[in-house]
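Asker: Provided herewith: my_file-v5.cif, mmCIF, C-alpha atoms.
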data_query
loop_
_atom_site.label_atom_id
_atom_site.label_comp_id
_atom_site.auth_asym_id
_atom_site.auth_seq_id
_atom_site.Cartn_x
_atom_site.Cartn_y
_atom_site.Cartn_z
CA MET A 163 1.03 -15.27 27.65
CA ILE A 164 -0.66 -15.84 24.31
CA GLN A 165 1.15 -18.52 22.35
CA ILE A 166 1.42 -18.05 18.60
CA VAL A 167 2.94 -19.88 15.66
CA ILE A 168 3.90 -17.94 12.55
CA ILE A 169 3.98 -19.77 9.24
CA GLY A 170 6.18 -18.02 6.69
CA SER A 171 9.47 -16.13 6.49
CA GLY A 172 8.86 -13.29 4.01
CA ASN A 173 8.80 -9.55 4.69
CA VAL A 174 5.50 -9.49 6.60
CA ALA A 175 6.36 -12.60 8.62
CA GLN A 176 9.76 -11.26 9.61
CA HIS A 177 8.35 -7.89 10.64
CA LEU A 178 5.66 -9.61 12.72
CA ILE A 179 8.27 -11.81 14.39
CA SER A 180 10.33 -8.74 15.31
CA ALA A 181 7.28 -6.89 16.64
CA PHE A 182 5.90 -9.80 18.69
CA ALA A 183 9.35 -10.56 20.10
CA LYS A 184 9.20 -7.19 21.88
CA SER A 185 5.82 -7.91 23.48
CA LYS A 186 5.68 -9.25 27.04
CA GLU A 187 2.23 -10.71 26.35
CA ILE A 188 3.12 -12.83 23.31
CA ASP A 189 5.15 -16.02 23.18
CA ILE A 190 6.30 -17.00 19.70
CA VAL A 191 6.50 -20.71 20.34
CA GLN A 192 7.47 -21.58 16.78
CA VAL A 193 7.93 -20.37 13.22
CA PHE A 194 7.55 -22.56 10.14
CA SER A 195 9.82 -21.82 7.20
CA ARG A 196 11.29 -23.68 4.26
CA GLN A 197 14.19 -21.20 4.39
CA LYS A 198 15.16 -21.69 8.03
CA GLU A 199 18.45 -19.81 7.69
CA SER A 200 16.64 -16.56 6.87
CA LEU A 201 15.18 -16.53 10.39
CA PHE A 202 18.37 -17.24 12.37
CA PRO A 203 18.98 -13.52 13.06
CA LEU A 204 15.47 -13.26 14.57
CA LEU A 205 14.92 -16.50 16.48
CA ASP A 206 16.69 -19.32 18.25
CA SER A 207 17.02 -22.17 15.75
CA SER A 208 15.18 -24.50 18.13
CA LYS A 209 11.99 -22.50 17.48
CA ILE A 210 12.14 -22.94 13.70
CA THR A 211 10.75 -25.93 11.84
CA ASP A 212 10.30 -26.89 8.20
CA ASN A 213 8.02 -29.84 8.93
CA TYR A 214 4.26 -29.35 9.26
CA ASN A 215 4.00 -32.45 11.43
CA ASP A 216 6.27 -30.83 14.01
CA LEU A 217 4.11 -27.74 14.48
CA ALA A 218 3.64 -26.92 18.16
CA LYS A 219 0.31 -26.39 19.88
CA ALA A 220 -0.61 -22.70 20.15
CA ASP A 221 -3.52 -20.31 20.70
CA LEU A 222 -3.12 -18.78 17.25
CA TYR A 223 -1.52 -19.74 13.92
CA ILE A 224 -0.68 -16.85 11.60
CA ILE A 225 -0.14 -17.79 7.95
CA SER A 226 2.02 -15.09 6.41
CA VAL A 227 2.91 -16.34 2.94
CA SER A 228 2.23 -15.23 -0.64
CA ASP A 229 -1.46 -14.96 -1.53
CA ASP A 230 -1.24 -17.88 -3.96
CA ALA A 231 0.12 -20.19 -1.26
CA ILE A 232 -2.40 -19.48 1.52
CA ALA A 233 -4.94 -22.17 0.57
CA SER A 234 -2.27 -24.83 0.07
CA VAL A 235 -0.51 -24.06 3.34
CA SER A 236 -3.80 -24.04 5.23
CA ALA A 237 -4.75 -27.43 3.80
CA GLN A 238 -1.46 -28.96 4.94
CA LEU A 239 -1.85 -28.07 8.61
CA PRO A 240 -2.06 -31.40 10.49
CA PHE A 241 -4.63 -30.42 13.13
CA GLU A 242 -8.27 -29.37 13.51
CA ASN A 243 -10.41 -26.82 15.36
CA ARG A 244 -7.59 -24.37 16.06
CA LEU A 245 -7.61 -20.67 15.19
CA VAL A 246 -5.80 -20.11 11.89
CA VAL A 247 -5.57 -16.69 10.21
CA HIS A 248 -3.84 -15.17 7.21
CA THR A 249 -2.37 -11.69 6.72
CA SER A 250 -3.55 -10.89 3.19
CA GLY A 251 -5.64 -7.88 2.27
CA SER A 252 -7.15 -9.42 -0.85
CA ILE A 253 -7.70 -13.13 -0.13
CA SER A 254 -11.03 -14.40 1.19
CA LEU A 255 -11.53 -15.95 4.60
CA ASP A 256 -12.90 -18.94 2.70
CA SER A 257 -9.45 -19.69 1.28
CA LEU A 258 -8.51 -21.12 4.66
CA ASP A 259 -9.25 -24.81 5.16
CA LYS A 260 -12.56 -25.41 6.95
CA LYS A 261 -11.08 -27.99 9.32
CA ASN A 262 -9.88 -25.11 11.52
CA ARG A 263 -11.46 -21.91 12.86
CA LYS A 264 -10.70 -19.07 10.47
CA GLY A 265 -9.76 -15.43 10.69
CA ILE A 266 -7.94 -12.47 9.13
CA PHE A 267 -5.01 -10.61 10.70
CA TYR A 268 -4.24 -7.97 8.06
CA PRO A 269 -1.63 -5.26 8.79
CA LEU A 270 -2.33 -2.45 6.34
CA GLN A 271 1.19 -1.26 5.61
CA THR A 272 3.94 -1.63 3.04
CA PHE A 273 6.85 -3.73 4.30
CA THR A 274 10.40 -3.66 2.96
CA LYS A 275 13.05 -6.14 3.96
CA GLY A 276 15.51 -4.63 6.42
CA LYS A 277 13.51 -1.43 6.98
CA GLU A 278 11.98 -1.11 10.44
CA VAL A 279 8.41 0.14 10.86
CA ASP A 280 6.59 1.51 13.89
CA PHE A 281 3.96 -1.16 14.49
CA SER A 282 2.13 0.99 17.03
CA THR A 283 0.86 3.15 14.13
CA ILE A 284 -0.05 0.32 11.75
CA PRO A 285 -3.78 -0.36 11.28
CA PHE A 286 -4.76 -4.00 11.78
CA CYS A 287 -7.94 -5.17 10.03
CA LEU A 288 -9.41 -8.18 11.80
CA GLU A 289 -12.08 -10.72 10.86
CA SER A 290 -13.24 -13.97 12.40
CA GLU A 291 -16.09 -16.44 12.27
CA ASN A 292 -17.10 -15.93 15.90
CA GLU A 293 -16.83 -13.26 18.60
CA LYS A 294 -14.60 -15.27 20.92
CA ASP A 295 -11.95 -15.68 18.23
CA PHE A 296 -12.22 -12.00 17.35
CA GLU A 297 -11.54 -11.08 20.97
CA LEU A 298 -8.34 -13.13 20.87
CA LEU A 299 -7.23 -11.55 17.58
CA GLU A 300 -7.96 -8.11 18.99
CA LYS A 301 -5.96 -8.87 22.12
CA VAL A 302 -3.00 -10.09 20.04
CA ALA A 303 -3.12 -7.09 17.71
CA LYS A 304 -3.28 -4.66 20.64
CA THR A 305 0.04 -5.97 21.97
CA ILE A 306 1.81 -4.33 19.02
CA SER A 307 -0.60 -1.74 17.53
CA ASN A 308 -2.85 1.08 18.67
CA ASN A 309 -5.05 0.97 15.55
CA ILE A 310 -7.43 -1.97 15.45
CA TYR A 311 -10.41 -2.26 13.08
CA LYS A 312 -13.13 -4.86 12.74
CA THR A 313 -13.80 -5.27 9.02
CA ASP A 314 -15.77 -7.55 6.77
CA GLU A 315 -14.43 -9.01 3.53
CA LYS A 316 -15.82 -6.28 1.27
CA GLN A 317 -14.39 -3.52 3.47
CA ARG A 318 -10.97 -5.21 3.60
CA LYS A 319 -10.87 -5.57 -0.18
CA ALA A 320 -11.88 -1.93 -0.58
CA LEU A 321 -9.04 -0.93 1.73
CA HIS A 322 -6.59 -3.12 -0.17
CA ILE A 323 -7.57 -1.59 -3.53
CA SER A 324 -7.42 1.91 -2.03
CA ALA A 325 -3.97 1.08 -0.68
CA VAL A 326 -2.82 0.13 -4.17
CA PHE A 327 -3.91 3.56 -5.42
CA VAL A 328 -2.33 5.59 -2.61
CA ASN A 329 0.85 3.51 -2.31
CA ASN A 330 1.77 1.44 -5.37
CA PHE A 331 0.34 3.79 -7.99
CA VAL A 332 1.67 6.90 -6.25
CA ASN A 333 5.12 5.29 -6.09
CA GLU A 334 4.88 4.67 -9.83
CA MET A 335 4.30 8.42 -10.24
CA TYR A 336 7.50 8.99 -8.23
CA ARG A 337 9.33 6.62 -10.57
CA ILE A 338 8.10 8.52 -13.62
CA GLY A 339 9.01 11.85 -12.04
CA ASN A 340 12.47 10.50 -11.26
CA GLU A 341 12.81 9.24 -14.85
CA ILE A 342 11.92 12.66 -16.28
CA CYS A 343 14.42 14.30 -13.92
CA GLU A 344 17.19 11.89 -14.96
CA GLU A 345 16.45 12.44 -18.67
CA ASN A 346 16.87 16.18 -18.16
CA LYS A 347 19.86 15.98 -15.79
CA VAL A 348 18.18 17.48 -12.72
CA PRO A 349 18.26 15.81 -9.26
CA PHE A 350 15.08 14.12 -8.07
CA GLU A 351 15.97 15.34 -4.55
CA ILE A 352 14.66 18.80 -5.53
CA LEU A 353 11.14 17.31 -5.54
CA LYS A 354 11.32 15.66 -2.10
CA PRO A 355 10.13 18.71 -0.08
CA LEU A 356 7.12 18.88 -2.43
CA ILE A 357 6.43 15.18 -1.88
CA LEU A 358 6.54 15.63 1.89
CA GLU A 359 4.24 18.66 1.81
CA THR A 360 1.76 16.79 -0.40
CA VAL A 361 1.66 13.91 2.09
CA ASN A 362 1.37 16.28 5.06
CA LYS A 363 -1.58 18.10 3.49
CA VAL A 364 -3.75 14.99 3.32
CA MET A 365 -3.20 14.50 7.06
CA THR A 366 -5.38 17.58 7.69
CA LEU A 367 -7.31 18.08 4.43
CA SER A 368 -9.33 15.74 2.26
CA PRO A 369 -7.52 14.75 -0.96
CA LYS A 370 -10.15 16.71 -2.90
CA GLU A 371 -9.44 19.87 -0.88
CA ALA A 372 -5.67 19.37 -1.17
CA GLN A 373 -5.66 19.12 -4.98
CA THR A 374 -3.81 21.88 -6.85
CA GLY A 375 -2.08 22.24 -10.23
CA PRO A 376 -2.86 22.99 -13.87
CA ALA A 377 -5.56 20.30 -14.23
CA LYS A 378 -7.41 21.63 -11.18
CA ARG A 379 -7.18 25.21 -12.57
CA ASN A 380 -8.05 24.02 -16.09
CA ASP A 381 -4.86 25.76 -17.24
CA LYS A 382 -4.92 24.51 -20.83
CA LYS A 383 -1.85 26.51 -21.86
CA THR A 384 0.34 24.83 -19.22
CA ILE A 385 -1.19 21.40 -19.84
CA ASN A 386 -0.48 21.62 -23.59
CA ALA A 387 3.06 22.84 -22.90
CA HIS A 388 3.66 19.82 -20.64
CA LEU A 389 2.31 17.45 -23.27
CA ASP A 390 4.53 19.02 -25.92
CA PHE A 391 7.55 18.63 -23.64
CA LEU A 392 7.00 14.95 -22.83
CA SER A 393 8.80 12.65 -25.25
CA ASN A 394 7.81 9.32 -23.69
CA GLU A 395 4.46 8.08 -25.03
CA ASN A 396 3.66 6.23 -21.79
CA HIS A 397 4.26 9.40 -19.76
CA THR A 398 2.03 11.37 -22.12
CA THR A 399 -0.80 8.82 -21.87
CA ILE A 400 -0.67 8.79 -18.06
CA TYR A 401 -0.54 12.60 -17.93
CA LYS A 402 -3.68 12.85 -20.07
CA ILE A 403 -5.60 10.23 -18.06
CA LEU A 404 -4.76 11.82 -14.70
CA THR A 405 -5.47 15.33 -15.98
CA GLN A 406 -8.89 14.22 -17.19
CA SER A 407 -9.58 12.41 -13.91
CA ILE A 408 -8.79 15.55 -11.90
CA GLN A 409 -10.91 17.74 -14.17
CA ASN A 410 -13.84 15.31 -14.05
CA ASN A 411 -13.58 15.35 -10.24
CA GLY A 412 -14.64 11.77 -9.72
CA LYS A 413 -17.07 11.57 -12.65
CA GLU A 414 -16.67 8.93 -15.34
CA LEU A 415 -13.78 9.51 -17.74
#
Show how you would write the structure in this file as structure tokens.
Answerer:
Amino acid sequence: MIQIVIIGSGNVAQHLISAFAKSKEIDIVQVFSRQKESLFPLLDSSKITDNYNDLAKADLYIISVSDDAIASVSAQLPFENRLVVHTSGSISLDSLDKKNRKGIFYPLQTFTKGKEVDFSTIPFCLESENEKDFELLEKVAKTISNNIYKTDEKQRKALHISAVFVNNFVNEMYRIGNEICEENKVPFEILKPLILETVNKVMTLSPKEAQTGPAKRNDKKTINAHLDFLSNENHTTIYKILTQSIQNNGKEL
């Protein structure tokens, strides 16, 4: 079995713990957490430590903490020449302390506390300094996922930025749509079949091919009617920017 230590207890760390616990090829020998109690539902307390000096020997150490803490945590590890990776999509490999071998183990998915995800469908973006370490990372990732990608730093950052657009920004559009519905006393649930169909379309069509609506048709009458209807200045500004972006079709605004 491949022995791993996970450092962290946030959303990503807890989801990884749950996923690896189901694998017959992975042995979670230890988890480091300052909030030990948060992990009691997932692990035997004997496997949890809050002392860096008590970290067990393992084949792989996965740092799964906030981006700002990665460098500090890496620097505090009391050993050398072991494989240490982090799970961030935006932080450089170089943020890890050079005393150990370095890598990236980035699951490209949004994680919410208490909500299960199907890890077999989650893409894992992997990086390492040498081929032997990559082979180990690939083997570990394949125990829980069917989608493994070898990426470099620029590609990973591009994916992370793209993910912000298709996830975080899209969710902000849902929030605005919900806000407009609430202001006008109509249920947001009416829009959910449309949301699902929009998502389903980009599974078979390119986003460019799937685009519809008044901006795509250059329906100025409808666009102006929408702008007249909107009373929130922020909503109006966003509507104008997105309308122009669609009409420019990828050209500069």
Asker: Any chance you could resolve the PyMOL selection byres ((chain A and resi 326-332) around 12) against this file and give the residues as a PDB file with C-alpha atoms, in the frame of the given file?
Answerer:
ATOM      1  CA  GLY A 251      -5.640  -7.880   2.270  1.00  0.00           C
ATOM      2  CA  SER A 252      -7.150  -9.420  -0.850  1.00  0.00           C
ATOM      3  CA  LEU A 270      -2.330  -2.450   6.340  1.00  0.00           C
ATOM      4  CA  GLN A 271       1.190  -1.260   5.610  1.00  0.00           C
ATOM      5  CA  THR A 272       3.940  -1.630   3.040  1.00  0.00           C
ATOM      6  CA  PHE A 273       6.850  -3.730   4.300  1.00  0.00           C
ATOM      7  CA  LYS A 319     -10.870  -5.570  -0.180  1.00  0.00           C
ATOM      8  CA  ALA A 320     -11.880  -1.930  -0.580  1.00  0.00           C
ATOM      9  CA  LEU A 321      -9.040  -0.930   1.730  1.00  0.00           C
ATOM     10  CA  HIS A 322      -6.590  -3.120  -0.170  1.00  0.00           C
ATOM     11  CA  ILE A 323      -7.570  -1.590  -3.530  1.00  0.00           C
ATOM     12  CA  SER A 324      -7.420   1.910  -2.030  1.00  0.00           C
ATOM     13  CA  ALA A 325      -3.970   1.080  -0.680  1.00  0.00           C
ATOM     14  CA  ASN A 333       5.120   5.290  -6.090  1.00  0.00           C
ATOM     15  CA  GLU A 334       4.880   4.670  -9.830  1.00  0.00           C
ATOM     16  CA  MET A 335       4.300   8.420 -10.240  1.00  0.00           C
ATOM     17  CA  TYR A 336       7.500   8.990  -8.230  1.00  0.00           C
ATOM     18  CA  ARG A 337       9.330   6.620 -10.570  1.00  0.00           C
ATOM     19  CA  ILE A 338       8.100   8.520 -13.620  1.00  0.00           C
ATOM     20  CA  GLY A 339       9.010  11.850 -12.040  1.00  0.00           C
ATOM     21  CA  ILE A 357       6.430  15.180  -1.880  1.00  0.00           C
ATOM     22  CA  THR A 360       1.760  16.790  -0.400  1.00  0.00           C
ATOM     23  CA  VAL A 361       1.660  13.910   2.090  1.00  0.00           C
ATOM     24  CA  VAL A 364      -3.750  14.990   3.320  1.00  0.00           C
ATOM     25  CA  PRO A 369      -7.520  14.750  -0.960  1.00  0.00           C
ATOM     26  CA  ILE A 400      -0.670   8.790 -18.060  1.00  0.00           C
ATOM     27  CA  LEU A 404      -4.760  11.820 -14.700  1.00  0.00           C
TER      28      LEU A 404
END
Asker: Which residues are close to Lys402 of chain A, i.e. within 9 Å by all atoms listed in the file, leaving aside same-chain residues fewer than 4 positions away? Reply as number ranges by chain.
Answerer: A: 385, 389, 397-398, 406-407
Asker: Residues near Glu199 of chain A, anyone? I mean within 10 Å using all atoms listed in the file, not counting same-chain ones fewer than 4 positions away, as a ChimeraX atom specification.
Answerer: /A:171,195,203-204,207,210
Asker: Please provide as a compact mmCIF listing (two decimals) with C-alpha atoms, keeping the file's coordinate frame all residues within 9 Å of Asn309 of chain A, with the sequence filter that same-chain residues fewer than 5 positions apart are discarded (counting all atoms listed in the file).
Answerer:
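For reference, out00.txt as written:
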# COMPACT_ATOMS: atom_id res chain seq x y z
CA SER A 282 2.13 0.99 17.03
CA THR A 283 0.86 3.15 14.13
CA ILE A 284 -0.05 0.32 11.75
CA PRO A 285 -3.78 -0.36 11.28
CA PHE A 286 -4.76 -4.00 11.78
CA CYS A 287 -7.94 -5.17 10.03
CA ALA A 303 -3.12 -7.09 17.71
CA LYS A 304 -3.28 -4.66 20.64
Asker: Counting all atoms listed in the file, which of A:Gln409, A:Ser307, A:Ser208, A:Thr274 gets nearest to Ser185 of chain A?
Answerer: A:Ser307
Asker: Go through the shown structure with the PyMOL selection byres ((chain A and resi 218) around 9) and write out the matching residues as a list in words.
Answerer: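 That expression, the PyMOL selection byres ((chain A and resi 218) around 9), corresponds here to Val167, Val191, Gln192, Asn215, Asp216, Leu217, Lys219 and Ala220 of chain A.
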Asker: Exactly which residues make up the result of the PyMOL selection byres ((chain A and resi 172) around 9) on this file, given as a PyMOL selection string?
Answerer: chain A and resi 170-171+173-177+200+226-228+275
Asker: Kindly indicate which residue among A:Asn410, A:Thr249, A:Ser254, A:Asn362 lies nearest to Pro269 of chain A, using only C-alpha atoms for the distances.
Answerer: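 Closest residue, counting only C-alpha atoms: A:Thr249.
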Asker: Suppose you want the space between atom CA of Met163 of chain A and atom CA of Asp189 of chain A; what is it in Å?
Answerer: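 It comes out at 6.1 Å.
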Asker: As an exercise, work out the distance from atom CA of Lys261 of chain A to atom CA of Gln238 of chain A in Å and give it to one decimal place.
Answerer: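 Atom-to-atom, atom CA of Lys261 of chain A to atom CA of Gln238 of chain A, that is 10.6 Å.
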Asker: Could you please determine the separation between atom CA of Gln317 of chain A and atom CA of Lys264 of chain A in Å, to one decimal place?
Answerer: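 Straight-line distance from atom CA of Gln317 of chain A to atom CA of Lys264 of chain A works out to 17.4 Å.
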Asker: From the list A:Thr405, A:Leu358, A:Leu178, A:Phe350, which residue is nearest Gly375 of chain A when using only C-alpha atoms?
Answerer: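 Result for the nearest residue to Gly375 of chain A: A:Thr405.
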Asker: I'd like to know which of A:Ile190, A:Ile232, A:Leu245, A:Leu288 is closest to Glu315 of chain A, using only C-alpha atoms.
Answerer: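 Counting only C-alpha atoms, the residue closest to Glu315 of chain A is A:Leu288.
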Asker: For Leu392 of chain A, which residue among A:Ile342, A:Asn213, A:Val246, A:Ile306 is the nearest when counting only C-alpha atoms?
Answerer: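 Of A:Ile342, A:Asn213, A:Val246, A:Ile306, the one nearest Leu392 of chain A, counting only C-alpha atoms, is A:Ile342.
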Asker: Work out where the centre of an axis-aligned box around every listed atom of segment 375-380 of chain A lies and how long its edges are once 4 Å is added on each side; give both in Å to one decimal as lines of an AutoDock Vina configuration file.
Answerer:
center_x = -5.1
center_y = 22.8
center_z = -13.2
size_x = 14.0
size_y = 12.9
size_z = 13.9
Asker: Quick one: everything within 7 Å of Ile168 of chain A, counting only C-alpha atoms, minus sequence neighbours fewer than 5 positions away in the same chain. Send it as a PDB file with C-alpha atoms, keeping the file's coordinate frame.
Answerer:
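out05.pdb written:
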ATOM      1  CA  GLN A 192       7.470 -21.580  16.780  1.00  0.00           C
ATOM      2  CA  VAL A 193       7.930 -20.370  13.220  1.00  0.00           C
ATOM      3  CA  PHE A 194       7.550 -22.560  10.140  1.00  0.00           C
ATOM      4  CA  TYR A 223      -1.520 -19.740  13.920  1.00  0.00           C
ATOM      5  CA  ILE A 224      -0.680 -16.850  11.600  1.00  0.00           C
ATOM      6  CA  ILE A 225      -0.140 -17.790   7.950  1.00  0.00           C
TER       7      ILE A 225
END
